[in-house]
file protein00.txt (compact mmCIF, C-alpha atoms)
# COMPACT_ATOMS: atom_id res chain seq x y z
CA MET A 1375 20.10 34.89 -57.94
CA GLN A 1376 20.05 31.64 -59.91
CA LEU A 1377 22.34 29.04 -58.38
CA HIS A 1378 24.67 26.90 -60.45
CA ALA A 1379 24.53 23.15 -59.82
CA ARG A 1380 27.75 23.18 -57.81
CA GLN A 1381 26.48 26.02 -55.62
CA THR A 1382 23.26 24.11 -54.99
CA TYR A 1383 25.12 20.94 -54.05
CA LEU A 1384 27.46 22.86 -51.70
CA LEU A 1385 24.51 24.59 -50.06
CA LEU A 1386 22.64 21.32 -49.46
CA PHE A 1387 25.81 19.54 -48.32
CA THR A 1388 26.56 22.09 -45.58
CA LEU A 1389 22.95 22.31 -44.41
CA TYR A 1390 22.68 18.54 -44.00
CA TRP A 1391 26.13 18.37 -42.40
CA ALA A 1392 25.08 20.99 -39.82
CA GLN A 1393 21.93 19.07 -38.84
CA GLY A 1394 23.84 15.78 -38.77
CA LEU A 1395 26.30 16.90 -36.09
CA PRO A 1396 23.99 16.97 -33.03
CA VAL A 1397 21.94 14.04 -34.35
CA GLY A 1398 25.14 12.03 -34.72
CA PHE A 1399 25.93 12.60 -31.07
CA MET A 1400 22.48 11.52 -29.89
CA THR A 1401 22.15 8.46 -32.12
CA HIS A 1402 25.74 7.17 -32.10
CA ALA A 1403 27.69 8.52 -29.12
CA LEU A 1404 24.97 8.77 -26.46
CA PRO A 1405 23.90 5.07 -26.52
CA VAL A 1406 27.55 3.99 -26.12
CA ILE A 1407 28.10 6.39 -23.21
CA LEU A 1408 24.89 5.24 -21.51
CA ARG A 1409 25.67 1.53 -21.92
CA SER A 1410 29.19 2.01 -20.56
CA GLN A 1411 27.58 3.47 -17.43
CA GLY A 1412 25.47 0.33 -17.00
CA VAL A 1413 22.19 1.69 -18.36
CA SER A 1414 19.80 -1.11 -19.39
CA LEU A 1415 18.83 -1.82 -22.99
CA ALA A 1416 15.25 -0.86 -22.17
CA HIS A 1417 16.28 2.59 -20.94
CA ILE A 1418 18.64 3.13 -23.87
CA GLY A 1419 15.77 2.34 -26.22
CA GLY A 1420 13.65 4.86 -24.33
CA PHE A 1421 16.04 7.62 -25.34
CA GLY A 1422 14.60 7.20 -28.83
CA LEU A 1423 11.83 9.53 -27.62
CA LEU A 1424 14.31 12.37 -28.11
CA MET A 1425 13.97 11.82 -31.85
CA ALA A 1426 10.18 12.34 -31.74
CA PRO A 1427 10.37 15.80 -33.43
CA TRP A 1428 11.70 14.11 -36.56
CA ALA A 1429 8.60 11.95 -36.68
CA PHE A 1430 6.12 14.77 -35.98
CA LYS A 1431 7.73 17.63 -37.91
CA VAL A 1432 5.01 17.26 -40.55
CA LEU A 1433 2.65 18.95 -38.06
CA TRP A 1434 4.40 22.31 -38.47
CA ALA A 1435 5.80 21.83 -41.99
CA PRO A 1436 2.70 23.42 -43.62
CA TYR A 1437 3.45 26.70 -41.84
CA LEU A 1438 6.89 26.84 -43.43
CA ASP A 1439 5.38 26.04 -46.84
CA ARG A 1440 2.51 28.49 -46.50
CA TYR A 1441 4.86 31.38 -45.86
CA GLY A 1442 7.77 30.10 -47.88
CA HIS A 1443 7.03 28.39 -51.15
CA GLN A 1444 6.37 31.63 -53.05
CA ASN A 1445 9.84 32.86 -52.14
CA LEU A 1446 12.77 30.55 -51.48
CA GLU A 1447 14.46 33.28 -49.44
CA HIS A 1448 12.00 32.54 -46.66
CA TYR A 1449 13.22 28.95 -46.40
CA ARG A 1450 16.75 30.33 -46.14
CA GLN A 1451 15.74 32.49 -43.18
CA TRP A 1452 14.21 29.50 -41.41
CA ALA A 1453 17.42 27.51 -41.90
CA LEU A 1454 19.57 30.34 -40.56
CA ALA A 1455 17.35 30.93 -37.52
CA THR A 1456 17.23 27.27 -36.51
CA GLN A 1457 20.97 26.77 -36.95
CA GLY A 1458 21.67 29.90 -34.90
CA LEU A 1459 19.48 28.61 -32.07
CA THR A 1460 21.14 25.19 -32.31
CA ILE A 1461 24.47 26.88 -31.64
CA VAL A 1462 22.96 28.53 -28.56
CA VAL A 1463 21.71 25.17 -27.22
CA LEU A 1464 25.09 23.51 -27.85
CA LEU A 1465 26.88 26.29 -25.97
CA PHE A 1466 24.40 25.91 -23.10
CA LEU A 1467 25.08 22.16 -22.99
CA SER A 1468 28.82 22.82 -22.91
CA PHE A 1469 28.37 24.39 -19.45
CA PHE A 1470 25.97 21.69 -18.27
CA PRO A 1471 27.11 19.75 -15.15
CA ILE A 1472 27.05 16.34 -16.83
CA HIS A 1473 28.62 14.61 -13.81
CA ILE A 1474 25.46 15.07 -11.69
CA LEU A 1475 22.89 13.64 -14.09
CA ASN A 1476 21.77 11.32 -11.32
CA ASN A 1477 19.90 14.36 -9.99
CA SER A 1478 16.36 14.17 -11.43
CA ILE A 1479 16.07 17.94 -11.98
CA TYR A 1480 19.33 18.13 -13.93
CA LEU A 1481 18.38 15.02 -15.87
CA LEU A 1482 15.08 16.66 -16.88
CA ILE A 1483 16.85 19.86 -17.98
CA PHE A 1484 19.34 17.77 -19.97
CA PHE A 1485 16.51 15.86 -21.66
CA ILE A 1486 14.61 19.07 -22.50
CA SER A 1487 17.76 20.65 -23.96
CA LEU A 1488 18.39 17.67 -26.24
CA LEU A 1489 14.71 17.64 -27.20
CA ALA A 1490 14.85 21.36 -28.07
CA MET A 1491 17.90 20.72 -30.24
CA ASN A 1492 16.01 18.01 -32.10
CA ILE A 1493 13.01 20.31 -32.65
CA LEU A 1494 15.36 22.90 -34.16
CA GLY A 1495 17.09 20.28 -36.29
CA ALA A 1496 13.78 18.90 -37.56
CA THR A 1497 12.57 22.40 -38.46
CA GLN A 1498 15.82 23.14 -40.27
CA ASP A 1499 15.34 19.87 -42.14
CA ILE A 1500 11.90 20.97 -43.38
CA ALA A 1501 13.36 24.16 -44.84
CA THR A 1502 16.35 22.33 -46.33
CA ASP A 1503 14.22 19.62 -47.91
CA ALA A 1504 11.95 22.29 -49.39
CA LEU A 1505 14.98 24.04 -50.90
CA ALA A 1506 16.19 20.73 -52.34
CA VAL A 1507 12.82 19.97 -53.97
CA ASN A 1508 12.64 23.45 -55.51
CA LEU A 1509 16.28 23.84 -56.56
CA LEU A 1510 17.05 20.38 -57.98
CA LYS A 1511 15.93 19.37 -61.45
CA PRO A 1512 14.70 15.77 -61.90
CA GLN A 1513 18.00 14.62 -63.41
CA GLN A 1514 19.87 16.25 -60.49
CA GLN A 1515 17.83 14.65 -57.71
CA HIS A 1516 20.02 11.59 -57.14
CA TRP A 1517 23.13 13.82 -57.10
CA GLY A 1518 21.45 16.21 -54.69
CA ASN A 1519 20.52 13.31 -52.44
CA LEU A 1520 24.10 12.06 -52.68
CA PHE A 1521 25.26 15.32 -51.10
CA GLN A 1522 22.45 15.06 -48.57
CA VAL A 1523 23.54 11.59 -47.46
CA VAL A 1524 27.24 12.52 -47.55
CA GLY A 1525 26.61 15.68 -45.53
CA SER A 1526 24.46 14.02 -42.89
CA ARG A 1527 26.81 11.02 -42.64
CA LEU A 1528 29.77 13.33 -42.23
CA GLY A 1529 27.83 14.91 -39.39
CA PHE A 1530 27.37 11.44 -37.91
CA ILE A 1531 31.11 10.75 -38.25
CA VAL A 1532 32.03 13.89 -36.34
CA GLY A 1533 29.05 14.05 -33.96
CA GLY A 1534 29.25 10.35 -33.16
CA GLY A 1535 32.64 8.81 -33.92
CA VAL A 1536 35.01 11.75 -33.47
CA ILE A 1537 33.25 12.82 -30.29
CA LEU A 1538 33.67 9.35 -28.75
CA TRP A 1539 37.32 9.44 -29.75
CA LEU A 1540 38.01 12.95 -28.41
CA ILE A 1541 35.70 13.19 -25.41
CA ASP A 1542 38.48 12.13 -23.03
CA VAL A 1543 40.72 14.87 -24.48
CA LEU A 1544 38.25 17.71 -25.00
CA HIS A 1545 36.07 16.80 -22.01
CA TRP A 1546 32.37 17.63 -22.00
CA GLN A 1547 32.65 21.41 -22.42
CA GLY A 1548 35.20 21.31 -25.21
CA THR A 1549 33.18 18.68 -27.04
CA PHE A 1550 30.05 20.82 -27.28
CA ILE A 1551 31.95 24.01 -28.10
CA PHE A 1552 33.59 22.04 -30.92
CA LEU A 1553 30.14 20.99 -32.22
CA ALA A 1554 28.88 24.60 -31.98
CA VAL A 1555 31.84 25.90 -34.01
CA LEU A 1556 31.26 23.30 -36.72
CA VAL A 1557 27.57 24.21 -37.00
CA ALA A 1558 28.59 27.88 -37.30
CA LEU A 1559 31.09 27.12 -40.08
CA ASN A 1560 28.47 25.14 -41.97
CA SER A 1561 26.13 28.13 -41.74
CA LEU A 1562 28.42 30.33 -43.86
CA PRO A 1563 27.21 29.14 -47.32
CA ILE A 1564 23.51 29.67 -46.52
CA LEU A 1565 24.39 33.00 -44.87
CA LYS A 1566 26.07 34.24 -48.06
CA THR A 1567 23.49 32.84 -50.50
CA LYS A 1568 20.54 34.91 -51.63
CA LEU A 1569 17.54 33.02 -52.98
CA VAL A 1570 14.76 34.72 -54.91
CA SER A 1571 11.61 33.42 -56.48
CA THR A 1572 11.52 32.86 -60.23
CA GLN A 1573 8.04 34.44 -60.26
CA THR A 1574 7.33 38.13 -60.65
CA VAL A 1575 6.01 40.14 -57.71
CA HIS A 1576 2.60 40.35 -59.42
CA GLN A 1577 2.47 36.56 -59.86
CA VAL A 1578 3.41 36.00 -56.22
CA LYS A 1579 0.74 38.40 -54.92
CA GLN A 1580 -1.86 36.87 -57.22
CA LYS A 1581 -0.98 33.35 -56.10
CA ILE A 1582 -1.12 34.31 -52.42
CA SER A 1583 -4.50 35.96 -52.94
CA ILE A 1584 -5.96 32.90 -54.68
CA GLN A 1585 -4.58 30.47 -52.10
CA SER A 1586 -5.70 32.59 -49.14
CA GLY A 1587 -9.23 32.77 -50.56
CA ALA A 1588 -9.32 29.03 -51.13
CA LEU A 1589 -7.98 28.22 -47.68
CA SER A 1590 -10.42 30.56 -45.95
CA THR A 1591 -13.40 28.61 -47.34
CA LEU A 1592 -12.11 25.28 -46.01
CA SER A 1593 -12.16 24.02 -42.45
CA TRP A 1594 -9.00 22.51 -40.99
CA ARG A 1595 -10.46 19.02 -41.43
CA GLN A 1596 -11.42 19.70 -45.05
CA HIS A 1597 -8.01 21.13 -45.80
CA LEU A 1598 -6.35 18.04 -44.31
CA LYS A 1599 -8.64 15.74 -46.29
CA GLN A 1600 -7.88 17.65 -49.47
CA TYR A 1601 -4.16 17.28 -48.83
CA PHE A 1602 -4.35 13.50 -48.37
CA VAL A 1603 -6.24 13.10 -51.65
CA TYR A 1604 -2.89 13.39 -53.41
CA PHE A 1605 -1.54 10.32 -51.61
CA THR A 1606 -4.69 8.24 -51.94
CA GLU A 1607 -6.20 8.98 -55.36
CA GLN A 1608 -3.48 7.12 -57.32
CA GLN A 1609 -2.85 3.40 -56.91
CA GLU A 1610 0.92 3.92 -57.18
CA LEU A 1611 0.96 6.41 -54.31
CA ARG A 1612 -1.23 4.18 -52.14
CA TYR A 1613 1.33 1.39 -52.51
CA TRP A 1614 4.08 3.92 -51.90
CA LEU A 1615 2.51 4.76 -48.54
CA ILE A 1616 2.84 1.10 -47.57
CA ILE A 1617 6.55 1.23 -48.45
CA LEU A 1618 6.99 4.31 -46.25
CA VAL A 1619 5.40 2.48 -43.32
CA THR A 1620 7.44 -0.73 -43.71
CA ILE A 1621 10.86 0.31 -45.04
CA LYS A 1622 12.27 1.37 -41.65
CA VAL A 1623 10.87 -1.46 -39.52
CA THR A 1624 14.13 -3.42 -39.38
CA ASP A 1625 16.13 -0.25 -38.67
CA GLY A 1626 13.85 0.62 -35.78
CA LEU A 1627 13.96 -2.88 -34.32
CA SER A 1628 17.76 -3.20 -34.54
CA GLY A 1629 18.93 0.41 -34.07
CA ALA A 1630 19.12 0.39 -30.27
CA ILE A 1631 20.69 -3.07 -30.09
CA LEU A 1632 23.79 -3.16 -32.30
CA LYS A 1633 25.95 -0.66 -30.38
CA PRO A 1634 25.17 -2.17 -26.92
CA LEU A 1635 26.00 -5.59 -28.39
CA MET A 1636 29.45 -4.25 -29.30
CA VAL A 1637 29.92 -2.84 -25.81
CA ASP A 1638 29.01 -6.22 -24.29
CA MET A 1639 31.49 -7.86 -26.66
CA GLY A 1640 34.17 -5.79 -24.97
CA LEU A 1641 34.84 -3.03 -27.52
CA SER A 1642 36.20 0.20 -26.02
CA PHE A 1643 35.06 3.80 -26.62
CA SER A 1644 37.95 4.42 -29.00
CA GLN A 1645 37.30 1.19 -30.91
CA ILE A 1646 33.60 2.02 -31.32
CA GLY A 1647 34.38 5.66 -32.08
CA ILE A 1648 37.07 5.04 -34.71
CA TYR A 1649 36.59 1.58 -36.18
CA VAL A 1650 32.82 1.27 -35.82
CA THR A 1651 31.24 4.71 -36.09
CA MET A 1652 33.87 6.48 -38.21
CA LEU A 1653 34.72 3.51 -40.43
CA GLY A 1654 31.03 2.75 -40.76
CA ALA A 1655 30.26 6.33 -41.73
CA ALA A 1656 33.07 6.25 -44.30
CA ALA A 1657 31.49 3.08 -45.71
CA ALA A 1658 28.17 4.95 -45.80
CA LEU A 1659 29.76 7.73 -47.85
CA LEU A 1660 31.00 5.11 -50.29
CA GLY A 1661 27.54 3.54 -50.31
CA ALA A 1662 25.90 6.85 -51.15
CA ALA A 1663 28.31 7.36 -54.05
CA LEU A 1664 27.72 3.81 -55.32
CA ALA A 1665 23.96 4.23 -55.10
CA SER A 1666 24.07 7.51 -57.00
CA TYR A 1667 26.16 5.84 -59.71
CA CYS A 1668 23.82 2.82 -59.85
CA LEU A 1669 20.82 5.11 -60.34
CA ARG A 1670 22.29 6.18 -63.66
CA TYR A 1671 21.61 2.67 -64.96
CA LEU A 1672 19.03 1.10 -62.62
CA SER A 1673 15.47 2.29 -62.21
CA ARG A 1674 14.71 3.72 -58.78
CA GLN A 1675 12.18 0.97 -58.16
CA HIS A 1676 14.53 -1.92 -58.87
CA ALA A 1677 17.34 -0.22 -56.95
CA LEU A 1678 15.09 -0.02 -53.89
CA LEU A 1679 14.42 -3.76 -54.01
CA LEU A 1680 18.08 -4.67 -54.58
CA PHE A 1681 19.41 -2.42 -51.81
CA SER A 1682 16.77 -3.70 -49.37
CA VAL A 1683 17.95 -7.29 -49.92
CA LEU A 1684 21.60 -6.28 -49.43
CA LYS A 1685 20.69 -4.47 -46.21
CA LEU A 1686 19.08 -7.62 -44.80
CA ILE A 1687 22.13 -9.70 -45.69
CA SER A 1688 24.36 -7.30 -43.74
CA LEU A 1689 22.02 -7.45 -40.73
CA PHE A 1690 22.19 -11.25 -40.78
CA ALA A 1691 25.95 -10.93 -40.21
CA PHE A 1692 25.14 -9.51 -36.77
CA VAL A 1693 22.98 -12.57 -36.07
CA LEU A 1694 26.05 -14.76 -36.61
CA LEU A 1695 28.22 -12.51 -34.43
CA ALA A 1696 25.61 -12.51 -31.64
CA GLN A 1697 25.43 -16.30 -31.73
CA ARG A 1698 29.21 -16.60 -31.30
CA TYR A 1699 29.14 -14.05 -28.47
CA GLU A 1700 26.40 -15.93 -26.60
CA GLN A 1701 28.28 -19.21 -27.09
CA GLY A 1702 31.37 -17.65 -25.51
CA ALA A 1703 33.43 -18.13 -28.69
CA ALA A 1704 36.30 -15.81 -29.54
CA ILE A 1705 35.37 -13.05 -31.99
CA SER A 1706 37.91 -11.03 -33.94
CA THR A 1707 37.04 -7.34 -33.64
CA TRP A 1708 37.72 -6.95 -37.37
CA TRP A 1709 34.72 -9.15 -38.13
CA VAL A 1710 32.62 -6.74 -36.06
CA TYR A 1711 34.09 -3.77 -37.95
CA LEU A 1712 33.42 -5.46 -41.30
CA ALA A 1713 29.82 -6.37 -40.44
CA ASN A 1714 29.15 -2.83 -39.27
CA ALA A 1715 30.78 -1.27 -42.35
CA LEU A 1716 28.69 -3.44 -44.68
CA GLU A 1717 25.51 -2.60 -42.76
CA ASP A 1718 26.27 1.12 -43.03
CA LEU A 1719 27.25 0.77 -46.71
CA PHE A 1720 23.97 -0.86 -47.73
CA ALA A 1721 21.91 1.33 -45.37
CA ALA A 1722 23.27 4.45 -47.11
CA MET A 1723 22.51 2.99 -50.54
CA LEU A 1724 18.95 2.25 -49.43
CA LEU A 1725 18.57 5.70 -47.84
CA LEU A 1726 19.71 7.52 -50.97
CA VAL A 1727 17.24 5.79 -53.26
CA MET A 1728 14.46 6.32 -50.69
CA LEU A 1729 15.18 10.05 -50.48
CA THR A 1730 15.27 10.28 -54.26
CA LEU A 1731 11.85 8.63 -54.45
CA VAL A 1732 10.51 10.85 -51.66
CA MET A 1733 11.67 13.87 -53.65
CA GLN A 1734 10.09 12.44 -56.81
CA TYR A 1735 6.72 12.21 -55.06
CA SER A 1736 6.93 15.73 -53.53
CA ARG A 1737 5.12 18.62 -55.20
CA GLN A 1738 6.99 21.90 -55.50
CA HIS A 1739 4.23 24.05 -53.98
CA TYR A 1740 4.00 21.65 -51.00
CA ALA A 1741 7.72 20.87 -50.96
CA GLY A 1742 8.37 21.06 -47.22
CA THR A 1743 5.09 19.39 -46.28
CA ASP A 1744 5.21 16.53 -48.79
CA PHE A 1745 8.85 15.72 -48.05
CA SER A 1746 8.34 16.01 -44.29
CA PHE A 1747 5.15 13.94 -44.40
CA GLN A 1748 6.88 11.03 -46.12
CA VAL A 1749 10.03 11.18 -44.01
CA SER A 1750 7.97 11.58 -40.83
CA ILE A 1751 6.13 8.32 -41.52
CA MET A 1752 9.48 6.52 -41.69
CA ALA A 1753 10.79 8.30 -38.60
CA LEU A 1754 7.62 7.60 -36.61
CA VAL A 1755 7.79 3.87 -37.34
CA SER A 1756 11.54 3.67 -36.77
CA GLY A 1757 11.46 5.77 -33.59
CA GLY A 1758 8.51 3.93 -32.09
CA LEU A 1759 10.08 0.52 -32.66
CA TYR A 1760 13.47 1.83 -31.45
CA SER A 1761 11.88 2.73 -28.11
CA LEU A 1762 10.43 -0.78 -27.73
CA SER A 1763 13.32 -2.80 -29.16
CA GLY A 1764 15.31 -2.94 -25.92
CA LEU A 1765 12.41 -4.62 -24.10
CA PHE A 1766 12.14 -7.34 -26.76
CA ALA A 1767 15.91 -7.89 -26.93
CA GLU A 1768 16.20 -8.36 -23.16
CA GLN A 1769 13.53 -11.06 -23.31
CA LEU A 1770 14.87 -12.97 -26.33
CA GLY A 1771 18.61 -12.37 -26.17
CA TYR A 1772 20.73 -10.80 -28.88
CA SER A 1773 20.89 -13.62 -31.47
CA ASP A 1774 17.25 -14.80 -31.34
CA TYR A 1775 16.02 -11.22 -31.38
CA LEU A 1776 18.15 -10.14 -34.36
CA LEU A 1777 17.19 -13.31 -36.26
CA SER A 1778 13.53 -12.40 -35.71
CA VAL A 1779 14.21 -8.93 -37.10
CA VAL A 1780 15.79 -10.41 -40.25
CA LEU A 1781 12.77 -12.71 -40.77
CA VAL A 1782 10.41 -9.74 -40.42
CA GLY A 1783 12.53 -7.88 -42.97
CA LEU A 1784 12.19 -10.74 -45.46
CA LEU A 1785 8.40 -10.62 -45.16
CA LEU A 1786 8.44 -6.87 -45.72
CA LEU A 1787 10.11 -7.34 -49.11
CA ILE A 1788 6.68 -8.40 -50.39
CA PRO A 1789 5.17 -4.85 -50.37
CA ILE A 1790 8.23 -3.59 -52.25
CA CYS A 1791 7.79 -6.26 -54.95
CA VAL A 1792 4.10 -5.36 -55.33
CA TRP A 1793 4.90 -1.62 -55.54
CA VAL A 1794 7.58 -2.24 -58.19
CA LYS A 1795 5.00 -3.98 -60.37
CA LYS A 1796 2.37 -1.27 -59.90
CA SER A 1797 4.57 1.82 -60.22
CA GLN A 1798 5.66 3.68 -63.31
CA VAL A 1799 9.35 2.97 -63.85
CA PHE A 1800 11.48 6.09 -63.62
CA LYS A 1801 14.14 5.70 -66.29
CA PRO A 1802 17.66 6.49 -65.11
CA SER A 1803 19.47 9.42 -66.63
CA ASN A 1804 23.07 9.27 -67.84
CA GLU A 1805 23.46 13.03 -67.66
call {"tool": "encode", "arguments": {"input": "protein00.txt", "output": "structure tokens"}}
result
Amino acid sequence: MQLHARQTYLLLFTLYWAQGLPVGFMTHALPVILRSQGVSLAHIGGFGLLMAPWAFKVLWAPYLDRYGHQNLEHYRQWALATQGLTIVVLLFLSFFPIHILNNSIYLLIFFISLLAMNILGATQDIATDALAVNLLKPQQQHWGNLFQVVGSRLGFIVGGGVILWLIDVLHWQGTFIFLAVLVALNSLPILKTKLVSTQTVHQVKQKISIQSGALSTLSWRQHLKQYFVYFTEQQELRYWLIILVTIKVTDGLSGAILKPLMVDMGLSFSQIGIYVTMLGAAAALLGAALASYCLRYLSRQHALLLFSVLKLISLFAFVLLAQRYEQGAAISTWWVYLANALEDLFAAMLLLVMLTLVMQYSRQHYAGTDFSFQVSIMALVSGGLYSLSGLFAEQLGYSDYLLSVVLVGLLLLIPICVWVKKSQVFKPSNE
């Protein structure tokens, strides 16, 4: 069946919401819980290794494309399977004896379970991104990415903020059963939707035959080299690769630091859960909507530069807060909430335009692979720096470290400026 625009947006919204729930817990709630138990910044940063599947998902993305791009129904089956298994893992974690994590065996099982959930989420993301590339028309891409950001951020609100707020009420078991139920509810639209290829059966068989013959004559190394020609033969795409490598550097360097800073400032679970995570996620939803509106009038290239500058300004606010904290000065919690909300607002605006550009540079017949390849570069850089950031912050202190991150971010505006000059400007659509 052919989907109407609203059906497509609803489908993408629920798929991204489902994958955002467990990720929200691991990226927002888990660092707060660990810090409250006295875990060092270095060890909290090390938990970034759990997000490794999001950086390396490009390694198995071609398998989903190879067996899926001729028929969108196949991507649907991948999404359903991964979400079903995610529910199983969440239910398993609900019965996990969290109070004895000091036992190394239980800690290992806990780590493996969270890692498995991330592998499933990353695989679901490949299928969902491929559906988005194939279903959205060029003039719909920024709206589709709006629902992607809104869905994933809503998952962060619930998986991170609401969980911190309710964990004392629901306890560990109730919390994970709650997450499993929400993932199940968000699986209903994809369960009821049937997706078919726009090609005839003869065209599909002919295409498979041609591709299979071509692939059989190439070695794995030749096939990989042929794939990368797309990203290296054009000057614009070569500069775009530099953007992908640098755009998430400041996020990676600061991601593991901001929440522990708030804990050290004396904020409680409920304050971080409601006023930081939930209010920040609400600001992110607003940011996504603002960015989508701005893209009707701004080119994607100039929007990327503008939103990057705004993001750095919001990060500098944390430098000022850290300086006051280290000086022992009184800090109103509302300044912390405001700084966090602005950081999340501008981060969402930057994320939306990045995803729109990633989609623009993804080919339909390599939808899952191209999208995953670009996002994986960002995730690999961000995750690697996240894992190391705690070590640097413990050596420099909060304020000096965050100031260094801002200065690095200013230098990394240079590649964006060069890319803007070299790229073909995508004119915004008022449709």
call {"tool": "closest_residue", "arguments": {"input": "protein00.txt", "among": "A:Phe1521, A:Phe1690, A:Phe1745, A:Phe1470", "to": "Leu1659 (chain A)", "atoms": "all atoms listed in the file"}}
result
A:Phe1521
call {"tool": "atom_distance", "arguments": {"input": "protein00.txt", "atom1": "CA of Val1623 (chain A)", "atom2": "CA of Val1524 (chain A)"}}
result
23.0 Å
call {"tool": "residues_near_point", "arguments": {"input": "protein00.txt", "point": "(23.2, 2.3, -58.0)", "cutoff": "10 Å", "atoms": "only C-alpha atoms", "output": "ChimeraX atom specification"}}
result
/A:1516,1661-1674,1676-1678,1680-1681,1723-1724,1726-1727,1802
call {"tool": "atom_distance", "arguments": {"input": "protein00.txt", "atom1": "CA of Ser1746 (chain A)", "atom2": "CA of Val1432 (chain A)"}}
result
5.2 Å
call {"tool": "closest_residue", "arguments": {"input": "protein00.txt", "among": "A:Leu1632, A:Leu1438, A:Leu1684, A:Val1780", "to": "Ala1504 (chain A)", "atoms": "all atoms listed in the file"}}
result
A:Leu1438
call {"tool": "atom_distance", "arguments": {"input": "protein00.txt", "atom1": "CA of Asp1625 (chain A)", "atom2": "CA of Ala1696 (chain A)"}}
result
17.0 Å
call {"tool": "residues_around", "arguments": {"input": "protein00.txt", "residues": "region 1540-1555 of chain A", "least_positions_apart": "5", "cutoff": "12 Å", "atoms": "all atoms listed in the file", "output": "PyMOL selection string"}}
result
chain A and resi 1391-1399+1403-1404+1407+1457-1473+1491+1529-1535+1560-1562+1643-1644+1647-1648
call {"tool": "closest_residue", "arguments": {"input": "protein00.txt", "among": "A:Met1728, A:Leu1556, A:Ala1704, A:Leu1509", "to": "Val1749 (chain A)", "atoms": "all atoms listed in the file"}}
result
A:Met1728
call {"tool": "residues_around", "arguments": {"input": "protein00.txt", "residues": "region 1619-1621 of chain A", "least_positions_apart": "5", "cutoff": "10 Å", "atoms": "all atoms listed in the file", "output": "list of chain:residue names"}}
result
A:Trp1614, A:Gly1626, A:Leu1678, A:Ser1682, A:Leu1724, A:Leu1725, A:Met1728, A:Gln1748, A:Val1749, A:Ser1750, A:Ile1751, A:Met1752, A:Ala1753, A:Leu1754, A:Val1755, A:Ser1756, A:Gly1783, A:Leu1786, A:Leu1787, A:Pro1789, A:Ile1790
call {"tool": "residues_around", "arguments": {"input": "protein00.txt", "residues": "Lys1431 (chain A)", "least_positions_apart": "2", "cutoff": "12 Å", "atoms": "only C-alpha atoms", "output": "MDAnalysis selection string"}}
result
chainID A and resid 1425:1429 1433:1438 1492:1501 1742:1754
call {"tool": "residues_around", "arguments": {"input": "protein00.txt", "residues": "Leu1689 (chain A)", "least_positions_apart": "6", "cutoff": "12 Å", "atoms": "all atoms listed in the file", "output": "ChimeraX atom specification"}}
result
/A:1624-1625,1627-1629,1631-1632,1682-1683,1695-1696,1710,1712-1721,1773,1775-1784
call {"tool": "residues_around", "arguments": {"input": "protein00.txt", "residues": "Tyr1711 (chain A)", "least_positions_apart": "5", "cutoff": "10 Å", "atoms": "all atoms listed in the file", "output": "list of chain:residue names"}}
result
A:Met1636, A:Gln1645, A:Ile1646, A:Ile1648, A:Tyr1649, A:Val1650, A:Thr1651, A:Leu1653, A:Gly1654, A:Ser1706, A:Leu1716, A:Glu1717
call {"tool": "closest_residue", "arguments": {"input": "protein00.txt", "among": "A:Arg1380, A:Lys1511, A:Lys1568, A:Arg1527", "to": "Gln1451 (chain A)", "atoms": "all atoms listed in the file"}}
result
A:Lys1568
call {"tool": "closest_residue", "arguments": {"input": "protein00.txt", "among": "A:Leu1615, A:Ile1564, A:Lys1622, A:His1739", "to": "Phe1602 (chain A)", "atoms": "only C-alpha atoms"}}
result
A:Leu1615
call {"tool": "build_atoms", "arguments": {"input": "protein00.txt", "residues": "region 1528-1536 of chain A", "atoms": "N, CA and C atoms", "output": "PDB file, keeping the file's coordinate frame"}}
result
ATOM      1  N   LEU A1528      28.590  12.661 -42.751  1.00  0.00           N
ATOM      2  CA  LEU A1528      29.770  13.330 -42.230  1.00  0.00           C
ATOM      3  C   LEU A1528      29.476  13.922 -40.856  1.00  0.00           C
ATOM      4  N   GLY A1529      28.248  14.432 -40.704  1.00  0.00           N
ATOM      5  CA  GLY A1529      27.830  14.910 -39.390  1.00  0.00           C
ATOM      6  C   GLY A1529      27.807  13.789 -38.369  1.00  0.00           C
ATOM      7  N   PHE A1530      27.372  12.593 -38.809  1.00  0.00           N
ATOM      8  CA  PHE A1530      27.370  11.440 -37.910  1.00  0.00           C
ATOM      9  C   PHE A1530      28.795  11.033 -37.531  1.00  0.00           C
ATOM     10  N   ILE A1531      29.715  11.106 -38.518  1.00  0.00           N
ATOM     11  CA  ILE A1531      31.110  10.750 -38.250  1.00  0.00           C
ATOM     12  C   ILE A1531      31.674  11.632 -37.144  1.00  0.00           C
ATOM     13  N   VAL A1532      31.463  12.938 -37.300  1.00  0.00           N
ATOM     14  CA  VAL A1532      32.030  13.890 -36.340  1.00  0.00           C
ATOM     15  C   VAL A1532      31.229  13.874 -35.038  1.00  0.00           C
ATOM     16  N   GLY A1533      29.894  13.990 -35.154  1.00  0.00           N
ATOM     17  CA  GLY A1533      29.050  14.050 -33.960  1.00  0.00           C
ATOM     18  C   GLY A1533      29.023  12.763 -33.173  1.00  0.00           C
ATOM     19  N   GLY A1534      29.257  11.630 -33.845  1.00  0.00           N
ATOM     20  CA  GLY A1534      29.250  10.350 -33.160  1.00  0.00           C
ATOM     21  C   GLY A1534      30.636   9.795 -32.931  1.00  0.00           C
ATOM     22  N   GLY A1535      31.345   9.471 -34.031  1.00  0.00           N
ATOM     23  CA  GLY A1535      32.640   8.810 -33.920  1.00  0.00           C
ATOM     24  C   GLY A1535      33.741   9.681 -33.359  1.00  0.00           C
ATOM     25  N   VAL A1536      33.935  10.864 -33.931  1.00  0.00           N
ATOM     26  CA  VAL A1536      35.010  11.750 -33.470  1.00  0.00           C
ATOM     27  C   VAL A1536      34.803  12.164 -32.030  1.00  0.00           C
TER      28      VAL A1536
END
